Amino acid sequence: MSLLQKELSDVVMTPSGLRSKRLPVAVNLVIAVAAIVVAAALVLGLSIGGWPLVAVVAGILYLVGLFVAATRVEGRRSARNKIMQALIYAACILAVLPLASVVWTLISKGAGRLDGNFFGSSMNNIGARDPLGGAYHAIIGTLEQVGLATLMAVPLGVLGAIYLVEYGRGRFALTVRFFVDVMTGIPSIVAGLFILAFWVLIVSPWFNNGTPRFSGFAASLALTVLMLPTIVRSTEEMLRLVPGPLREGAYALGVPQWKTILKIVLPTALPGIVTGVMLAVARAAGETAPVLLVAGGAAAINFDPFAGNQSSLALFVYQQAGDASRYAPDRAWTAALTLVALVLILTIAAKLLARRNRLS
Amino acid sequence: MAKRIEASNVTSYYGSFKAIDGISMTVEPKTITALIGPSGCGKSTFLRSVNRMHEVLPGARIEGRLTIDDQNIYDADVDVTAVRRMIGMVFQRPNPFPTMSIYENVVAGLKLNGAKKKSVLDDACENSLRSANLWDEVKDRLGRPGAGLSGGQQQRLCIARTIAVEPQVVLMDEPCSALDPISTLAIEDLMFKLKDRFTIIIVTHNMQQAARVSDKTGFFSIDKTGDPGRLIEYDDTQKIFSNPTEKKTEDYITGRFG
């Protein structure tokens, strides 16, 4: 007997048989039902709480019951496995619950004003007693502002990430990366204030006979500031995932570096880059503060993002939710639903586009 | 079109670490030269120095002269991409471009260097795949992704991709180390076939392979870890494997070392 075997002799490494008993599913269900009944009787009978407490107590009772039953039938090790599994499922359900709740609330409360009038008219000349009025102007504002911001932030962000991954060496690249990290944490109101001070108050008077002017474009600039770090960081991570041998394979064919990046590295990383960009777009579409600060908000339709006040869906939600009119909350809910749907549609479209080029 | 390569006193560094020291050798056109030696002795570093792939890594640099038909590829006015087009390279692990089909992979070098005409690309694709002994296996699925082939097929695809740009020298860095014996045999057959057109230098850990395929063999070694690699002996393969001059070579080949 070797030394190792001696040391392990009191530990059973191999089971005596390959078959083991399993806890029947029916028993599992019985434990669950019993846990709920006991919890309800306990909590409601002693009137120490409501249904949420019943759920928590039932959960704990179920876990304890399952552990005891599984230990008796299957043994300790397999019982622990069962408990961990149950805990992971519980965590998953807890994580999804708020999301499902948000979607359900949005749909149930937002469906009320899902009509042609909401999508076809603005809030111009809509008084407090008027049940009509819509978010047409806000939808246009969101699309234009986020669209312009995406047009500015995506090339800048992707090129910046390419610099950091493919070219950046030394102190300058470190500095750039550091400031990108710092920018990630900028609150949106600060980005809005920056554009207000820089663009609206200093630059815009040059184009407007000396008078400062709000515009949707100013909002796009603020959103660009917010989107840039997200896009740079996510693109950087994706580019780093592209294996080095792919680049070397292209270099070895005599392909210049810029073409290698354009034709080999970027296409390989494209799906991930698109995901990062869509995260940034979703964040920008939901921003209220910068739009309020530099686009001013408006009740009427304004197609021109470069002149005059504009609204956006997020700002519309904010304003309607705080409005005294009894019809305003419905408009706010529907606008919120629209915003979520818009981002969802854009994300799905972008994913499909990114996948279309890939080989099956 | 195959060319003679002459290295004289080539020394390569990774940062401050000297990887190879004073390598001098001459590779005749249309021959296969095998480089053997223990891991970390600088075979791959030397190979990567021949087509200027060494300098891709940050901090890597090189001293000495490396000439292709009497032109030093490390002269200041030499275009790196032209050097690499003239001296192709096949890597240890097959690295087909994952976003491209088999067809696109083969013509990638041509297309990315500006070739556009479809008939030219089609011809190049078929010729290269035929030369790489892969045509019959893939001719019906040229539009399928290159990464979907088996390991051996992928490596032949990479060889086809390399010879599609019509280089004059082909460098192979352990091209069979990730392959099974049958795929290895296919690639060795291929090397004999390519010898008529190209000068080939191959790095290998497989001594039988070196003995089978090469005309000349170079043995690299290091004294101890951290020392730079040196070329111990460079001679006809026949001589290296039957009657080497250096004791070290004999020890390595007979398995008494490394």
# chains A, B, ... in the order shown; residues from 1 in each chain; ligands from 1
call {"tool": "interface_residues", "arguments": {"of": "chain A", "to": "chain B", "cutoff": "8 Å", "atoms": "only C-alpha atoms", "output": "ChimeraX atom specification"}}
result
/A:245-246,248-256,259,263-264,267-268,358-360
call {"tool": "write_last_selection", "arguments": {"atoms": "C-alpha atoms", "output": "PDB file, in the first residue's frame"}}
result
ATOM      1  CA  PRO A 245      -2.924  34.526 -34.972  1.00  0.00           C
ATOM      2  CA  LEU A 246      -5.686  35.945 -37.178  1.00  0.00           C
ATOM      3  CA  GLU A 248      -0.560  37.452 -38.000  1.00  0.00           C
ATOM      4  CA  GLY A 249      -2.188  35.343 -40.706  1.00  0.00           C
ATOM      5  CA  ALA A 250      -3.166  38.499 -42.542  1.00  0.00           C
ATOM      6  CA  TYR A 251       0.212  40.182 -42.015  1.00  0.00           C
ATOM      7  CA  ALA A 252       1.921  37.072 -43.382  1.00  0.00           C
ATOM      8  CA  LEU A 253      -0.061  37.514 -46.601  1.00  0.00           C
ATOM      9  CA  GLY A 254       1.435  40.968 -46.998  1.00  0.00           C
ATOM     10  CA  VAL A 255      -1.746  42.767 -45.967  1.00  0.00           C
ATOM     11  CA  PRO A 256      -1.065  46.201 -44.444  1.00  0.00           C
ATOM     12  CA  LYS A 259      -6.501  46.719 -44.024  1.00  0.00           C
ATOM     13  CA  LYS A 263     -11.227  43.481 -43.200  1.00  0.00           C
ATOM     14  CA  ILE A 264     -10.215  40.850 -40.658  1.00  0.00           C
ATOM     15  CA  PRO A 267     -15.682  41.801 -39.056  1.00  0.00           C
ATOM     16  CA  THR A 268     -14.626  39.143 -36.547  1.00  0.00           C
ATOM     17  CA  ARG A 358     -21.904  35.913 -40.933  1.00  0.00           C
ATOM     18  CA  LEU A 359     -21.651  32.567 -42.607  1.00  0.00           C
ATOM     19  CA  SER A 360     -24.051  29.901 -41.536  1.00  0.00           C
TER      20      SER A 360
END
call {"tool": "select_by_dssp", "arguments": {"residues": "stretch 120-231 of chain B", "states": "strand (DSSP E or B)", "output": "mmCIF file with C-alpha atoms, in the first residue's frame"}}
result
data_model
loop_
_atom_site.group_PDB
_atom_site.id
_atom_site.type_symbol
_atom_site.label_atom_id
_atom_site.label_comp_id
_atom_site.auth_asym_id
_atom_site.auth_seq_id
_atom_site.Cartn_x
_atom_site.Cartn_y
_atom_site.Cartn_z
ATOM 1 C CA PRO B 145 -17.086 28.729 -43.712
ATOM 2 C CA VAL B 169 9.569 31.389 -50.192
ATOM 3 C CA VAL B 170 7.185 29.535 -47.866
ATOM 4 C CA LEU B 171 7.962 29.391 -44.157
ATOM 5 C CA MET B 172 6.236 26.739 -42.065
ATOM 6 C CA ASP B 173 6.244 26.948 -38.280
ATOM 7 C CA THR B 199 11.905 27.570 -51.357
ATOM 8 C CA ILE B 200 10.588 26.031 -48.144
ATOM 9 C CA ILE B 201 11.860 26.384 -44.600
ATOM 10 C CA ILE B 202 10.090 24.281 -41.987
ATOM 11 C CA VAL B 203 10.406 24.276 -38.224
ATOM 12 C CA LYS B 216 19.202 20.372 -45.472
ATOM 13 C CA THR B 217 18.786 20.501 -41.715
ATOM 14 C CA GLY B 218 19.783 23.117 -39.193
ATOM 15 C CA PHE B 219 20.118 22.185 -35.533
ATOM 16 C CA PHE B 220 19.471 24.977 -33.017
ATOM 17 C CA SER B 221 20.222 24.729 -29.334
ATOM 18 C CA GLY B 229 19.660 30.152 -29.178
ATOM 19 C CA ARG B 230 22.511 29.322 -31.541
ATOM 20 C CA LEU B 231 22.785 27.405 -34.766
#
call {"tool": "atom_distance", "arguments": {"atom1": "atom CA of A:Leu156", "atom2": "atom CA of A:Asn309"}}
result
26.4 Å
call {"tool": "atom_distance", "arguments": {"atom1": "atom CA of A:Ala70", "atom2": "atom CA of A:Pro24"}}
result
9.7 Å
call {"tool": "atom_distance", "arguments": {"atom1": "atom CA of A:Ala299", "atom2": "atom CA of A:Trp104"}}
result
28.5 Å
call {"tool": "residues_around", "arguments": {"residues": "B:Ser16", "least_positions_apart": "2", "cutoff": "9 Å", "atoms": "only C-alpha atoms", "output": "JSON list (two decimals) with N, CA and C atoms, in the first residue's frame"}}
result
[["chain", "number", "residue", "atom", "x", "y", "z"],
["B", 13, "TYR", "N", 16.00, 40.09, -30.65],
["B", 13, "TYR", "CA", 15.71, 40.39, -29.25],
["B", 13, "TYR", "C", 14.22, 40.50, -29.04],
["B", 14, "TYR", "N", 13.76, 40.09, -27.83],
["B", 14, "TYR", "CA", 12.43, 40.48, -27.35],
["B", 14, "TYR", "C", 12.70, 41.45, -26.21],
["B", 18, "LYS", "N", 17.77, 38.43, -25.37],
["B", 18, "LYS", "CA", 18.34, 38.02, -26.64],
["B", 18, "LYS", "C", 17.86, 36.61, -26.94],
["B", 59, "GLY", "N", 8.32, 45.43, -28.78],
["B", 59, "GLY", "CA", 9.64, 45.34, -28.17],
["B", 59, "GLY", "C", 10.61, 44.44, -28.92],
["B", 60, "ALA", "N", 10.12, 43.78, -29.99],
["B", 60, "ALA", "CA", 11.01, 42.88, -30.72],
["B", 60, "ALA", "C", 11.85, 43.64, -31.73]]
call {"tool": "residues_around", "arguments": {"residues": "A:Ala138", "least_positions_apart": "6", "cutoff": "8 Å", "atoms": "only C-alpha atoms", "output": "short mmCIF file (atom, residue, chain, number, x, y, z; two decimals) with C-alpha atoms, in the first residue's frame"}}
result
data_model
loop_
_atom_site.label_atom_id
_atom_site.label_comp_id
_atom_site.auth_asym_id
_atom_site.auth_seq_id
_atom_site.Cartn_x
_atom_site.Cartn_y
_atom_site.Cartn_z
CA SER A 122 -48.11 66.53 -30.49
CA ILE A 301 -43.47 69.28 -33.54
CA GLN A 310 -37.10 69.79 -29.11
CA SER A 311 -38.54 67.19 -26.81
CA SER A 312 -37.75 63.51 -26.43
CA LEU A 313 -39.64 60.48 -25.18
CA LEU A 315 -38.40 64.04 -21.28
CA PHE A 316 -42.04 63.62 -22.35
#
call {"tool": "select_by_dssp", "arguments": {"residues": "stretch 52-131 of chain B", "states": "alpha helix (DSSP H)", "output": "PyMOL selection string"}}
result
chain B and resi 80-86+102-112+118-131
call {"tool": "residues_around", "arguments": {"residues": "stretch 321-325 of chain A", "least_positions_apart": "2", "cutoff": "12 Å", "atoms": "only C-alpha atoms", "output": "list in words"}}
result
Ile126, Gly127, Ala128, Arg129, Asp130, Pro131, Leu132, Gly133, Leu313, Ala314, Leu315, Phe316, Val317, Tyr318, Gln319, Tyr327, Ala328, Pro329, Asp330, Arg331, Ala332, Trp333, Thr334, Ala335 and Ala336 of chain A
call {"tool": "write_last_selection", "arguments": {"atoms": "N, CA and C atoms", "output": "compact mmCIF listing (two decimals), in the first residue's frame"}}
result
# COMPACT_ATOMS: atom_id res chain seq x y z
N ILE A 126 -52.78 71.49 -26.29
CA ILE A 126 -53.52 70.52 -25.50
C ILE A 126 -53.63 71.07 -24.08
N GLY A 127 -54.83 71.34 -23.66
CA GLY A 127 -55.04 71.89 -22.32
C GLY A 127 -55.17 70.79 -21.29
N ALA A 128 -55.34 71.21 -20.03
CA ALA A 128 -55.40 70.26 -18.93
C ALA A 128 -56.65 69.39 -19.01
N ARG A 129 -57.76 69.91 -19.65
CA ARG A 129 -59.00 69.14 -19.71
C ARG A 129 -59.11 68.32 -21.00
N ASP A 130 -58.04 68.36 -21.83
CA ASP A 130 -58.10 67.69 -23.12
C ASP A 130 -57.56 66.26 -23.00
N PRO A 131 -58.40 65.24 -23.28
CA PRO A 131 -57.92 63.86 -23.14
C PRO A 131 -56.99 63.43 -24.27
N LEU A 132 -56.98 64.19 -25.38
CA LEU A 132 -56.15 63.80 -26.52
C LEU A 132 -54.70 64.26 -26.31
N GLY A 133 -53.98 64.42 -27.39
CA GLY A 133 -52.58 64.84 -27.30
C GLY A 133 -51.67 63.63 -27.35
N LEU A 313 -38.71 61.37 -25.89
CA LEU A 313 -39.64 60.48 -25.18
C LEU A 313 -39.40 60.48 -23.68
N ALA A 314 -38.10 60.39 -23.30
CA ALA A 314 -37.80 60.34 -21.87
C ALA A 314 -38.25 61.64 -21.19
N LEU A 315 -38.00 62.75 -21.85
CA LEU A 315 -38.40 64.04 -21.28
C LEU A 315 -39.93 64.14 -21.23
N PHE A 316 -40.59 63.62 -22.28
CA PHE A 316 -42.04 63.62 -22.35
C PHE A 316 -42.63 62.84 -21.16
N VAL A 317 -42.03 61.68 -20.87
CA VAL A 317 -42.49 60.87 -19.73
C VAL A 317 -42.35 61.69 -18.45
N TYR A 318 -41.19 62.33 -18.30
CA TYR A 318 -40.91 63.10 -17.09
C TYR A 318 -41.93 64.23 -16.92
N GLN A 319 -42.21 64.94 -18.04
CA GLN A 319 -43.11 66.08 -17.94
C GLN A 319 -44.56 65.65 -17.71
N TYR A 327 -55.31 63.41 -17.44
CA TYR A 327 -55.03 62.57 -18.60
C TYR A 327 -53.53 62.35 -18.81
N ALA A 328 -52.72 63.13 -18.10
CA ALA A 328 -51.27 63.09 -18.33
C ALA A 328 -50.63 61.75 -17.98
N PRO A 329 -50.99 61.12 -16.81
CA PRO A 329 -50.32 59.85 -16.47
C PRO A 329 -50.46 58.79 -17.56
N ASP A 330 -51.63 58.72 -18.19
CA ASP A 330 -51.79 57.73 -19.26
C ASP A 330 -50.82 57.99 -20.38
N ARG A 331 -50.68 59.28 -20.73
CA ARG A 331 -49.73 59.62 -21.81
C ARG A 331 -48.31 59.23 -21.41
N ALA A 332 -47.96 59.45 -20.13
CA ALA A 332 -46.62 59.11 -19.67
C ALA A 332 -46.36 57.61 -19.79
N TRP A 333 -47.36 56.81 -19.35
CA TRP A 333 -47.18 55.36 -19.42
C TRP A 333 -47.00 54.89 -20.86
N THR A 334 -47.84 55.42 -21.75
CA THR A 334 -47.76 54.98 -23.13
C THR A 334 -46.41 55.41 -23.75
N ALA A 335 -45.96 56.61 -23.39
CA ALA A 335 -44.68 57.07 -23.92
C ALA A 335 -43.54 56.17 -23.42
N ALA A 336 -43.62 55.77 -22.15
CA ALA A 336 -42.60 54.88 -21.60
C ALA A 336 -42.60 53.55 -22.33
call {"tool": "residues_around", "arguments": {"residues": "B:Ala186", "least_positions_apart": "3", "cutoff": "9 Å", "atoms": "only C-alpha atoms", "output": "ChimeraX atom specification"}}
result
/B:133,152,156,181-183,189-191
call {"tool": "closest_residue", "arguments": {"among": "A:Leu344, A:Cys92, A:Leu228, A:Val38", "to": "A:Ala280", "atoms": "only C-alpha atoms"}}
result
A:Leu228
call {"tool": "closest_residue", "arguments": {"among": "A:Thr260, A:Thr235, A:Thr230, A:Thr224", "to": "A:Arg247", "atoms": "only C-alpha atoms"}}
result
A:Thr260
call {"tool": "residues_around", "arguments": {"residues": "A:Gln145", "least_positions_apart": "2", "cutoff": "12 Å", "atoms": "only C-alpha atoms", "output": "JSON, numbers by chain"}}
result
{"A": [137, 138, 139, 140, 141, 142, 143, 147, 148, 149, 150, 151, 152, 153, 215, 216, 217, 218, 219, 220, 221, 222, 223, 224, 281, 284, 285, 286, 287, 288, 290, 291, 294, 295, 302, 303, 304, 305, 306, 309, 310, 311, 312, 313, 314]}
